[in-house]
file start.cif (mmCIF, C-alpha atoms)
data_work
#
loop_
_atom_site.label_atom_id
_atom_site.label_comp_id
_atom_site.auth_asym_id
_atom_site.auth_seq_id
_atom_site.Cartn_x
_atom_site.Cartn_y
_atom_site.Cartn_z
CA MET A 6 -42.38 11.41 -16.45
CA LEU A 7 -40.32 14.02 -18.30
CA LYS A 8 -40.70 16.79 -15.71
CA PRO A 9 -39.67 14.63 -12.74
CA MET A 10 -36.68 13.33 -14.69
CA LEU A 11 -35.67 16.87 -15.62
CA GLY A 12 -35.97 17.80 -11.96
CA VAL A 13 -33.65 14.97 -10.94
CA VAL A 14 -31.11 15.99 -13.59
CA ALA A 15 -31.26 19.61 -12.46
CA LEU A 16 -30.76 18.65 -8.82
CA THR A 17 -27.83 16.40 -9.77
CA LEU A 18 -26.18 19.18 -11.75
CA PHE A 19 -26.78 21.62 -8.90
CA ALA A 20 -25.24 19.24 -6.36
CA SER A 21 -22.24 18.78 -8.64
CA GLN A 22 -21.78 22.51 -8.98
CA VAL A 23 -22.00 23.00 -5.21
CA ALA A 24 -19.51 20.17 -4.62
CA LEU A 25 -16.97 21.87 -6.89
CA ALA A 26 -17.63 25.39 -5.64
CA VAL A 27 -14.25 25.99 -3.95
CA THR A 28 -11.17 24.31 -5.42
CA GLY A 29 -7.87 23.97 -3.60
CA GLY A 30 -5.05 21.75 -2.44
CA GLY A 31 -1.37 21.69 -1.55
CA ALA A 32 0.42 20.50 1.58
CA THR A 33 0.07 16.84 2.54
CA LEU A 34 1.06 17.53 6.18
CA PRO A 35 -2.49 18.75 7.12
CA GLU A 36 -4.34 16.82 4.40
CA ALA A 37 -6.27 14.47 6.70
CA LEU A 38 -7.23 17.38 8.95
CA TYR A 39 -8.58 19.25 5.94
CA LYS A 40 -10.31 16.51 3.96
CA GLY A 41 -11.04 12.78 3.92
CA SER A 42 -11.44 12.02 7.64
CA PRO A 43 -14.68 11.88 9.66
CA ASP A 44 -13.63 15.00 11.56
CA SER A 45 -11.98 16.91 8.69
CA ILE A 46 -12.60 20.64 8.93
CA LEU A 47 -13.09 21.80 5.34
CA PRO A 48 -16.71 22.07 4.16
CA ALA A 49 -18.16 19.53 1.73
CA THR A 50 -18.12 22.22 -0.95
CA PHE A 51 -14.31 22.55 -0.73
CA SER A 52 -12.01 20.21 -2.62
CA TYR A 53 -8.49 19.56 -1.37
CA GLU A 54 -5.84 17.73 -3.39
CA GLY A 55 -2.65 16.84 -1.53
CA VAL A 56 0.17 17.58 -3.98
CA GLY A 57 2.80 19.15 -1.70
CA SER A 58 3.29 22.72 -0.60
CA SER A 59 5.34 23.90 -3.59
CA ALA A 60 2.86 22.56 -6.13
CA GLY A 61 -0.02 23.98 -4.10
CA LYS A 62 1.48 27.46 -4.08
CA ARG A 63 2.25 27.23 -7.79
CA ALA A 64 -1.32 26.17 -8.61
CA PHE A 65 -2.74 29.11 -6.68
CA LEU A 66 -0.26 31.75 -7.80
CA THR A 67 -0.74 30.90 -11.49
CA ASN A 68 -4.40 29.84 -11.17
CA ASP A 69 -3.59 26.43 -12.66
CA PRO A 70 -6.24 23.91 -11.54
CA VAL A 71 -4.62 21.12 -13.59
CA LEU A 72 -2.07 20.75 -10.79
CA PHE A 73 -5.00 19.74 -8.58
CA GLY A 74 -6.53 17.49 -11.22
CA ALA A 75 -9.36 20.00 -11.60
CA THR A 76 -10.77 22.54 -14.02
CA GLY A 77 -12.00 26.09 -13.63
CA SER A 78 -10.28 28.29 -11.04
CA VAL A 79 -8.03 27.69 -8.04
CA HIS A 80 -9.63 29.43 -5.08
CA TYR A 81 -7.13 28.68 -2.31
CA ALA A 82 -4.08 26.62 -1.35
CA GLY A 83 -2.63 25.00 1.76
CA SER A 84 1.12 25.27 2.36
CA ASP A 85 3.62 24.74 5.16
CA SER A 86 6.14 26.53 2.93
CA VAL A 87 5.80 30.29 3.38
CA LEU A 88 5.48 32.54 0.36
CA ARG A 89 8.85 33.85 -0.75
CA ASN A 90 9.46 37.44 -1.79
CA VAL A 91 10.12 36.35 -5.36
CA GLU A 92 6.82 34.43 -5.51
CA LEU A 93 4.84 37.38 -4.19
CA LEU A 94 6.56 39.86 -6.52
CA ASP A 95 5.92 37.64 -9.53
CA TYR A 96 2.23 37.40 -8.57
CA LEU A 97 1.99 41.17 -8.12
CA VAL A 98 3.42 41.78 -11.59
CA ARG A 99 1.41 39.12 -13.42
CA PHE A 100 -1.93 38.87 -11.66
CA ASN A 101 -2.51 41.51 -9.00
CA GLU A 102 -4.22 43.96 -11.35
CA GLU A 103 -6.64 41.32 -12.64
CA TYR A 104 -7.12 39.12 -9.55
CA GLY A 105 -6.49 41.54 -6.69
CA PRO A 106 -4.32 41.01 -3.57
CA LEU A 107 -3.72 37.64 -1.96
CA ILE A 108 -4.00 36.67 1.70
CA GLN A 109 -1.62 34.32 3.55
CA ILE A 110 -2.67 33.30 7.07
CA PRO A 111 -1.67 30.56 9.52
CA SER A 112 -4.13 27.72 9.90
CA VAL A 113 -2.77 25.66 12.81
CA VAL A 114 0.56 25.21 14.58
CA THR A 115 2.55 22.10 13.72
CA PRO A 116 5.65 20.32 14.93
CA VAL A 117 7.90 18.43 12.54
CA VAL A 118 8.23 15.03 14.15
CA VAL A 119 11.24 12.68 13.89
CA PRO A 120 9.84 9.13 13.65
CA TYR A 121 12.25 6.20 13.70
CA ARG A 122 12.43 2.41 13.83
CA LYS A 123 15.47 0.87 15.47
CA ALA A 124 15.47 -2.48 17.20
CA GLY A 125 16.69 -2.21 20.78
CA THR A 126 16.24 1.57 20.91
CA THR A 127 13.18 2.77 22.81
CA ALA A 128 14.16 6.20 24.12
CA LEU A 129 15.97 7.99 21.29
CA ASN A 130 17.01 11.52 22.22
CA LEU A 131 18.87 13.56 19.60
CA SER A 132 20.33 17.03 19.90
CA SER A 133 19.85 19.48 17.07
CA LEU A 134 23.51 18.95 16.15
CA GLN A 135 22.93 15.19 15.98
CA LEU A 136 20.02 15.86 13.64
CA CYS A 137 22.47 17.76 11.44
CA ASP A 138 24.73 14.69 11.49
CA VAL A 139 21.83 12.38 10.64
CA PHE A 140 20.24 14.30 7.78
CA SER A 141 23.51 15.50 6.25
CA GLY A 142 24.87 11.96 6.18
CA ALA A 143 27.86 12.80 8.39
CA ARG A 144 26.97 9.76 10.50
CA THR A 145 26.21 6.68 8.44
CA THR A 146 25.61 4.03 11.12
CA TRP A 147 23.59 4.05 14.31
CA GLY A 148 26.76 3.28 16.25
CA GLN A 149 28.49 6.39 14.89
CA LEU A 150 25.47 8.46 15.86
CA LEU A 151 24.97 7.06 19.36
CA GLY A 152 28.54 6.17 20.31
CA SER A 153 28.19 2.39 20.23
CA GLY A 154 29.43 -0.50 18.13
CA ASP A 155 26.15 -0.84 16.23
CA THR A 156 26.91 -1.14 12.50
CA THR A 157 23.28 -0.87 11.35
CA PRO A 158 23.17 1.67 8.49
CA ILE A 159 21.11 4.79 9.08
CA ARG A 160 18.37 4.83 6.44
CA ILE A 161 16.90 8.30 5.93
CA VAL A 162 13.35 8.62 4.61
CA TYR A 163 12.91 12.06 3.05
CA ARG A 164 10.49 13.97 0.84
CA VAL A 165 11.41 14.18 -2.87
CA ASP A 166 8.75 16.77 -3.72
CA GLY A 167 8.66 20.46 -2.84
CA SER A 168 7.56 19.99 0.75
CA GLY A 169 6.75 22.48 3.48
CA THR A 170 7.64 19.79 6.00
CA THR A 171 11.12 19.70 4.49
CA GLU A 172 11.30 23.50 4.65
CA LEU A 173 10.42 23.57 8.35
CA LEU A 174 13.08 20.96 9.12
CA ALA A 175 15.69 22.60 6.88
CA ARG A 176 15.07 26.02 8.48
CA HIS A 177 15.94 24.60 11.88
CA LEU A 178 18.98 22.69 10.61
CA ASN A 179 20.20 25.80 8.78
CA SER A 180 20.15 27.67 12.10
CA ILE A 181 22.31 24.95 13.69
CA CYS A 182 24.65 23.89 10.87
CA PRO A 183 24.42 26.46 8.04
CA THR A 184 27.31 24.91 6.11
CA ARG A 185 25.34 21.69 5.77
CA PHE A 186 21.78 22.92 5.17
CA ALA A 187 20.02 25.78 3.44
CA THR A 188 16.37 26.62 4.00
CA GLY A 189 14.14 25.31 1.25
CA PRO A 190 11.37 22.87 0.32
CA LEU A 191 13.50 20.41 -1.72
CA PHE A 192 15.53 18.11 0.50
CA ALA A 193 18.21 17.37 -2.11
CA ASN A 194 18.82 21.10 -2.56
CA ALA A 195 18.53 22.08 1.11
CA ARG A 196 21.18 19.49 1.94
CA LEU A 197 24.11 21.48 0.66
CA PRO A 198 26.23 20.08 -2.18
CA LEU A 199 29.36 19.73 -0.04
CA ASN A 200 27.65 16.73 1.55
CA GLY A 201 27.75 14.91 -1.78
CA PRO A 202 25.05 12.80 -3.46
CA LEU A 203 22.32 11.19 -1.38
CA PRO A 204 23.37 7.76 -0.08
CA ALA A 205 21.97 4.81 -2.01
CA ASN A 206 20.16 3.36 1.01
CA TRP A 207 18.15 6.56 1.61
CA THR A 208 14.55 6.51 0.41
CA GLY A 209 12.60 9.39 -1.12
CA VAL A 210 8.80 9.55 -0.94
CA SER A 211 6.12 12.05 -1.91
CA SER A 212 3.95 12.61 1.17
CA ASP A 213 4.05 12.58 4.94
CA ALA A 214 1.90 9.43 4.94
CA GLU A 215 4.50 7.68 2.76
CA VAL A 216 7.24 8.77 5.17
CA ARG A 217 5.45 6.98 8.00
CA SER A 218 4.97 3.79 5.97
CA ALA A 219 8.54 3.71 4.66
CA ILE A 220 10.02 4.10 8.16
CA ASN A 221 7.84 1.36 9.59
CA ALA A 222 8.88 -0.99 6.77
CA VAL A 223 12.64 -1.17 7.47
CA ASP A 224 14.60 -1.35 10.72
CA GLY A 225 17.26 1.34 11.05
CA SER A 226 15.08 4.02 9.44
CA ILE A 227 14.56 7.59 10.56
CA GLY A 228 12.89 10.56 8.90
CA TYR A 229 10.68 13.58 9.40
CA ALA A 230 6.96 14.20 9.03
CA GLY A 231 4.04 16.15 10.33
CA PRO A 232 2.26 14.86 13.45
CA GLU A 233 -0.71 13.23 11.68
CA GLY A 234 -1.05 9.52 12.47
CA LEU A 235 1.99 9.34 14.74
CA PRO A 236 2.12 8.42 18.45
CA LEU A 237 3.58 11.72 19.63
CA SER A 238 4.10 10.59 23.21
CA ASP A 239 5.77 7.25 22.35
CA ASN A 240 9.54 7.74 22.57
CA ALA A 241 10.05 4.22 21.19
CA LYS A 242 8.74 5.51 17.84
CA ILE A 243 9.24 9.27 18.04
CA ALA A 244 12.63 10.78 18.84
CA ARG A 245 12.97 13.43 21.49
CA VAL A 246 14.75 16.52 20.18
CA ASN A 247 16.96 18.25 22.74
CA GLY A 248 15.18 16.23 25.40
CA LEU A 249 11.62 17.11 24.36
CA LEU A 250 8.84 15.22 22.63
CA PRO A 251 6.50 17.21 20.31
CA SER A 252 3.69 17.53 22.85
CA ALA A 253 1.13 20.31 22.54
CA ALA A 254 2.63 22.09 25.54
CA ASN A 255 6.14 21.98 24.07
CA VAL A 256 4.88 23.22 20.69
CA VAL A 257 2.91 26.08 22.28
CA ALA A 258 5.96 27.11 24.29
CA ALA A 259 7.98 27.48 21.09
CA VAL A 260 5.56 29.85 19.33
CA SER A 261 3.73 31.64 22.13
CA THR A 262 5.82 34.81 22.19
CA VAL A 263 4.94 35.94 18.64
CA VAL A 264 1.91 38.19 18.10
CA PRO A 265 0.00 39.03 14.89
CA PRO A 266 0.94 42.07 12.77
CA THR A 267 0.29 45.26 14.72
CA THR A 268 0.21 47.99 12.04
CA THR A 269 -1.91 48.62 8.97
CA THR A 270 1.14 48.32 6.72
CA ALA A 271 2.14 45.01 8.26
CA ARG A 272 -1.39 43.61 8.08
CA ALA A 273 -1.53 44.42 4.36
CA ASN A 274 1.64 42.40 3.71
CA PRO A 275 1.04 38.62 3.28
CA LEU A 276 4.64 37.96 4.32
CA GLU A 277 4.00 39.41 7.78
CA TRP A 278 1.26 36.95 8.72
CA VAL A 279 3.37 33.80 8.98
CA PRO A 280 6.32 34.13 11.35
CA THR A 281 8.98 31.43 11.24
CA PHE A 282 10.76 29.73 14.12
CA ALA A 283 14.24 28.63 13.07
CA ASN A 284 15.48 27.80 16.55
CA PRO A 285 13.03 28.61 19.34
CA THR A 286 14.52 29.63 22.66
CA ARG A 287 12.16 27.31 24.50
CA GLY A 288 9.87 24.39 23.78
CA TYR A 289 10.11 21.92 20.91
CA ALA A 290 12.78 22.86 18.38
CA ILE A 291 11.14 22.14 14.99
CA VAL A 292 7.86 24.02 14.71
CA GLY A 293 5.95 26.31 12.41
CA TYR A 294 2.55 27.05 10.93
CA THR A 295 0.73 25.32 8.16
CA ASN A 296 -0.98 28.06 6.20
CA PHE A 297 -3.84 29.02 3.91
CA ILE A 298 -3.49 31.24 0.87
CA PHE A 299 -6.67 32.90 -0.36
CA SER A 300 -7.49 35.74 -2.70
CA GLN A 301 -8.96 38.93 -1.34
CA CYS A 302 -11.10 39.29 -4.47
CA TYR A 303 -13.35 36.70 -6.12
CA ARG A 304 -15.58 37.30 -9.12
CA ASP A 305 -17.61 34.26 -8.06
CA ALA A 306 -19.75 35.62 -5.22
CA ASN A 307 -20.73 32.08 -4.19
CA ALA A 308 -17.09 31.05 -3.73
CA ALA A 309 -16.37 34.24 -1.76
CA SER A 310 -19.38 33.63 0.48
CA GLN A 311 -18.39 30.05 1.22
CA ILE A 312 -14.79 31.04 1.94
CA ARG A 313 -15.95 33.73 4.37
CA ALA A 314 -18.22 31.19 6.05
CA PHE A 315 -15.34 28.75 6.49
CA LEU A 316 -13.01 31.43 7.81
CA THR A 317 -15.70 32.50 10.28
CA ARG A 318 -16.04 28.93 11.50
CA HIS A 319 -12.29 28.29 11.72
CA TYR A 320 -11.14 31.63 13.15
CA GLY A 321 -14.31 33.00 14.71
CA SER A 322 -14.95 30.07 17.05
CA SER A 323 -13.32 27.09 18.71
CA VAL A 324 -15.43 24.54 16.85
CA ASN A 325 -12.45 23.12 14.90
CA ASN A 326 -10.13 22.91 17.90
CA ALA A 327 -11.01 19.33 18.85
CA ALA A 328 -10.31 18.02 15.35
CA THR A 329 -7.10 20.03 15.19
CA VAL A 330 -5.83 18.44 18.41
CA ALA A 331 -7.02 14.97 17.37
CA HIS A 332 -4.81 15.18 14.26
CA GLY A 333 -1.75 16.16 16.30
CA PHE A 334 -1.76 19.90 15.63
CA VAL A 335 -2.22 22.87 17.96
CA PRO A 336 -5.00 25.44 17.42
CA LEU A 337 -4.15 29.09 17.02
CA VAL A 338 -4.53 31.09 20.20
CA ALA A 339 -7.38 33.59 20.51
CA ILE A 340 -5.31 36.67 19.66
CA TRP A 341 -4.34 35.20 16.28
CA LYS A 342 -7.87 34.05 15.48
CA SER A 343 -9.29 37.46 16.31
CA ALA A 344 -6.67 39.19 14.19
CA VAL A 345 -7.58 37.10 11.14
CA MET A 346 -11.31 37.65 11.65
CA ASN A 347 -11.01 41.39 12.23
CA THR A 348 -8.71 41.91 9.26
CA PHE A 349 -9.93 39.59 6.52
CA VAL A 350 -13.52 38.63 7.33
CA SER A 351 -15.46 41.24 9.28
CA GLY A 352 -13.10 44.01 8.20
CA ASN A 353 -11.53 46.70 10.37
CA GLY A 354 -11.69 49.73 8.09
CA GLU A 355 -8.37 48.92 6.40
CA ASN A 356 -9.95 47.55 3.19
CA LEU A 357 -8.31 44.15 3.65
CA ASN A 358 -11.42 41.99 4.02
CA ILE A 359 -12.51 39.53 1.34
CA ASN A 360 -14.38 41.11 -1.58
CA ASN A 361 -14.08 44.60 -0.12
CA PRO A 362 -15.83 46.79 -2.74
CA ASN A 363 -13.15 49.49 -2.55
CA ILE A 364 -10.53 46.98 -3.65
CA CYS A 365 -12.35 44.27 -5.57
CA THR A 366 -14.82 46.06 -7.87
CA ASN A 367 -14.24 44.85 -11.45
CA ARG A 368 -11.47 42.45 -10.53
CA GLY A 369 -11.03 39.15 -8.77
CA ARG A 370 -10.07 35.52 -9.17
CA PRO A 371 -12.36 33.90 -11.76
#
call {"tool": "encode", "arguments": {"input": "start.cif", "output": "structure tokens"}}
result
Amino acid sequence: MLKPMLGVVALTLFASQVALAVTGGGATLPEALYKGSPDSILPATFSYEGVGSSAGKRAFLTNDPVLFGATGSVHYAGSDSVLRNVELLDYLVRFNEEYGPLIQIPSVVTPVVVPYRKAGTTALNLSSLQLCDVFSGARTTWGQLLGSGDTTPIRIVYRVDGSGTTELLARHLNSICPTRFATGPLFANARLPLNGPLPANWTGVSSDAEVRSAINAVDGSIGYAGPEGLPLSDNAKIARVNGLLPSAANVVAAVSTVVPPTTTTARANPLEWVPTFANPTRGYAIVGYTNFIFSQCYRDANAASQIRAFLTRHYGSSVNNAATVAHGFVPLVAIWKSAVMNTFVSGNGENLNINNPNICTNRGRP
């Protein structure tokens, strides 16, 4: 009986090792698309812990798995908040020599949706300037906002954590009312100090899912979230922005004019791979990418192999498109997928592909 038992133990340990092969996490906006749903797109060997974009970037940039409730190494992160110059420079100084370059690429296109609950209102349409009034607190009742006698207080539901969803919203508001909003992932900081402290009836939560629940719980509420789990075509629950709902067609229209990096220098710069859309000239107004951050170099050949396999599936085919759409997002167009594949997976002679021996020999993420 000993040998069979040893075999079972060995298989169990092997399965455990495979299950923990690729560790990551970050943004909650795409969390259900990535992990935990029947049609989630990440492989079984990938973990994904939804902790918010800022914490996800921090875990990856410092290789701190504790932020994901894990041990070992952080292999990748998901973030709707783009890498900042200061974050990239800090990584280059502290870790680039040991770990090698990092890769930041868009995963899917996302709108930031404005869900609301207001009795008697079934076709809410807000201009970008009205959104400034709402989220800055310049208008405190629904009557002030909509020009009626309604004294119902406006209750904002916002993210308290470092959120890429907040950053996408704040970037748009900054383009419309820069004296009221800065661009950043913390709502309390993005809402500029001249607006004063947050009103007592506003509610802070820690994920997009909690935003949805908190809005549904109290009449007079409005907030912002990713598209997951929301009825995007129902104007009784989702506000139009400048006349438009966040349909796939309206989201595509907002981002369709931007192409991938076109030069070797640009392709080598992680900051060039994720364009931002502060105030699109057409289509839905609050849009952006939710992104992946990977290393170029991994000392663990198994992790590198599994990451390449996932990237090939996600960017080298349309197999994940149905799930992407089902979760309310928009797949990348073919030109973007091809650019990612040619640059970081199959390689295009520019030494940017994962575990390229000219770059990664004797260094890499543990």
call {"tool": "resolve_selection", "arguments": {"input": "start.cif", "expression": "the PyMOL selection byres ((chain A and resi 78-87) around 7)", "output": "list in words"}}
result
Val27, Thr28, Gly29, Gly30, Gly31, Ala32, Ser58, Gly61, Lys62, Ala64, Phe65, Asn68, Asp69, Pro70, Thr76, Gly77, Leu88, Arg89, Gly169, Thr170, Glu172, Pro190, Tyr294, Thr295, Asn296, Phe297, Ile298, Phe299 and Pro371 of chain A
call {"tool": "axis_aligned_box", "arguments": {"input": "start.cif", "around": "region 179-191 of chain A", "padding_each_side": "3 Å", "output": "AutoDock Vina command-line options"}}
result
--center_x 19.3 --center_y 24.0 --center_z 6.0 --size_x 21.9 --size_y 13.3 --size_z 21.4
call {"tool": "residues_around", "arguments": {"input": "start.cif", "residues": "region 220-228 of chain A", "least_positions_apart": "2", "cutoff": "7 Å", "atoms": "only C-alpha atoms", "output": "ChimeraX atom specification"}}
result
/A:119-124,157-163,216-218,230
call {"tool": "resolve_selection", "arguments": {"input": "start.cif", "expression": "the PyMOL selection byres ((chain A and resi 274) around 12)", "output": "number ranges by chain"}}
result
A: 88, 90, 93-94, 97, 106-110, 265-273, 275-279, 348, 357
call {"tool": "atom_distance", "arguments": {"input": "start.cif", "atom1": "CA of Val71 (chain A)", "atom2": "CA of Phe100 (chain A)"}}
result
18.1 Å
call {"tool": "resolve_selection", "arguments": {"input": "start.cif", "expression": "the PyMOL selection byres ((chain A and resi 238-253) around 9)", "output": "PyMOL selection string"}}
result
chain A and resi 116-123+126-133+136+232+235-237+254-258+288-292+330+333-335
call {"tool": "closest_residue", "arguments": {"input": "start.cif", "among": "A:Gly189, A:Asn179, A:Ser141, A:Phe282", "to": "Thr262 (chain A)", "atoms": "all atoms listed in the file"}}
result
A:Phe282
call {"tool": "atom_distance", "arguments": {"input": "start.cif", "atom1": "CA of Thr50 (chain A)", "atom2": "CA of Glu102 (chain A)"}}
result
27.8 Å
call {"tool": "atom_distance", "arguments": {"input": "start.cif", "atom1": "CA of Lys342 (chain A)", "atom2": "CA of Asn361 (chain A)"}}
result
19.8 Å
call {"tool": "residues_around", "arguments": {"input": "start.cif", "residues": "Leu197 (chain A)", "least_positions_apart": "2", "cutoff": "8 Å", "atoms": "all atoms listed in the file", "output": "MDAnalysis selection string"}}
result
chainID A and resid 184:187 193:195 199:201
call {"tool": "closest_residue", "arguments": {"input": "start.cif", "among": "A:Ser112, A:Ala283, A:Leu203, A:Phe140", "to": "Val345 (chain A)", "atoms": "all atoms listed in the file"}}
result
A:Ser112
call {"tool": "closest_residue", "arguments": {"input": "start.cif", "among": "A:Gln301, A:Ser310, A:Thr329, A:Asn101", "to": "Phe349 (chain A)", "atoms": "only C-alpha atoms"}}
result
A:Gln301
call {"tool": "build_atoms", "arguments": {"input": "start.cif", "residues": "region 319-344 of chain A", "atoms": "N, CA and C atoms", "output": "CSV table (one decimal), keeping the file's coordinate frame"}}
result
chain,number,residue,atom,x,y,z
A,319,HIS,N,-13.6,28.7,11.3
A,319,HIS,CA,-12.3,28.3,11.7
A,319,HIS,C,-11.6,29.3,12.7
A,320,TYR,N,-11.8,30.6,12.4
A,320,TYR,CA,-11.1,31.6,13.2
A,320,TYR,C,-12.1,32.4,14.1
A,321,GLY,N,-13.4,32.3,13.9
A,321,GLY,CA,-14.3,33.0,14.7
A,321,GLY,C,-14.9,32.2,15.8
A,322,SER,N,-14.4,30.9,16.0
A,322,SER,CA,-15.0,30.1,17.0
A,322,SER,C,-13.9,29.0,17.4
A,323,SER,N,-14.2,28.2,18.3
A,323,SER,CA,-13.3,27.1,18.7
A,323,SER,C,-13.8,25.7,18.2
A,324,VAL,N,-14.8,25.8,17.3
A,324,VAL,CA,-15.4,24.5,16.8
A,324,VAL,C,-14.5,23.5,16.2
A,325,ASN,N,-13.4,24.0,15.5
A,325,ASN,CA,-12.4,23.1,14.9
A,325,ASN,C,-11.3,22.7,15.8
A,326,ASN,N,-11.3,23.2,17.0
A,326,ASN,CA,-10.1,22.9,17.9
A,326,ASN,C,-10.0,21.4,18.2
A,327,ALA,N,-11.1,20.7,18.5
A,327,ALA,CA,-11.0,19.3,18.8
A,327,ALA,C,-10.4,18.5,17.7
A,328,ALA,N,-10.9,18.7,16.5
A,328,ALA,CA,-10.3,18.0,15.4
A,328,ALA,C,-8.8,18.3,15.2
A,329,THR,N,-8.5,19.6,15.3
A,329,THR,CA,-7.1,20.0,15.2
A,329,THR,C,-6.2,19.3,16.1
A,330,VAL,N,-6.6,19.2,17.4
A,330,VAL,CA,-5.8,18.4,18.4
A,330,VAL,C,-5.8,16.9,18.1
A,331,ALA,N,-6.9,16.4,17.7
A,331,ALA,CA,-7.0,15.0,17.4
A,331,ALA,C,-6.1,14.6,16.3
A,332,HIS,N,-5.7,15.5,15.4
A,332,HIS,CA,-4.8,15.2,14.3
A,332,HIS,C,-3.4,15.5,14.6
A,333,GLY,N,-3.1,15.9,15.9
A,333,GLY,CA,-1.8,16.2,16.3
A,333,GLY,C,-1.3,17.6,16.2
A,334,PHE,N,-2.1,18.5,15.8
A,334,PHE,CA,-1.8,19.9,15.6
A,334,PHE,C,-2.2,20.7,16.9
A,335,VAL,N,-1.9,22.0,16.9
A,335,VAL,CA,-2.2,22.9,18.0
A,335,VAL,C,-3.0,24.0,17.4
A,336,PRO,N,-4.2,24.3,17.9
A,336,PRO,CA,-5.0,25.4,17.4
A,336,PRO,C,-4.3,26.8,17.6
A,337,LEU,N,-4.6,27.7,16.8
A,337,LEU,CA,-4.2,29.1,17.0
A,337,LEU,C,-4.8,29.6,18.3
A,338,VAL,N,-4.0,30.5,19.0
A,338,VAL,CA,-4.5,31.1,20.2
A,338,VAL,C,-5.5,32.2,19.8
A,339,ALA,N,-6.3,32.7,20.8
A,339,ALA,CA,-7.4,33.6,20.5
A,339,ALA,C,-6.9,34.9,19.8
A,340,ILE,N,-5.8,35.4,20.2
A,340,ILE,CA,-5.3,36.7,19.7
A,340,ILE,C,-5.1,36.6,18.2
A,341,TRP,N,-4.6,35.4,17.7
A,341,TRP,CA,-4.3,35.2,16.3
A,341,TRP,C,-5.7,35.0,15.5
A,342,LYS,N,-6.6,34.2,16.1
A,342,LYS,CA,-7.9,34.0,15.5
A,342,LYS,C,-8.6,35.4,15.3
A,343,SER,N,-8.6,36.2,16.4
A,343,SER,CA,-9.3,37.5,16.3
A,343,SER,C,-8.7,38.4,15.3
A,344,ALA,N,-7.3,38.3,15.2
A,344,ALA,CA,-6.7,39.2,14.2
A,344,ALA,C,-7.1,38.8,12.8
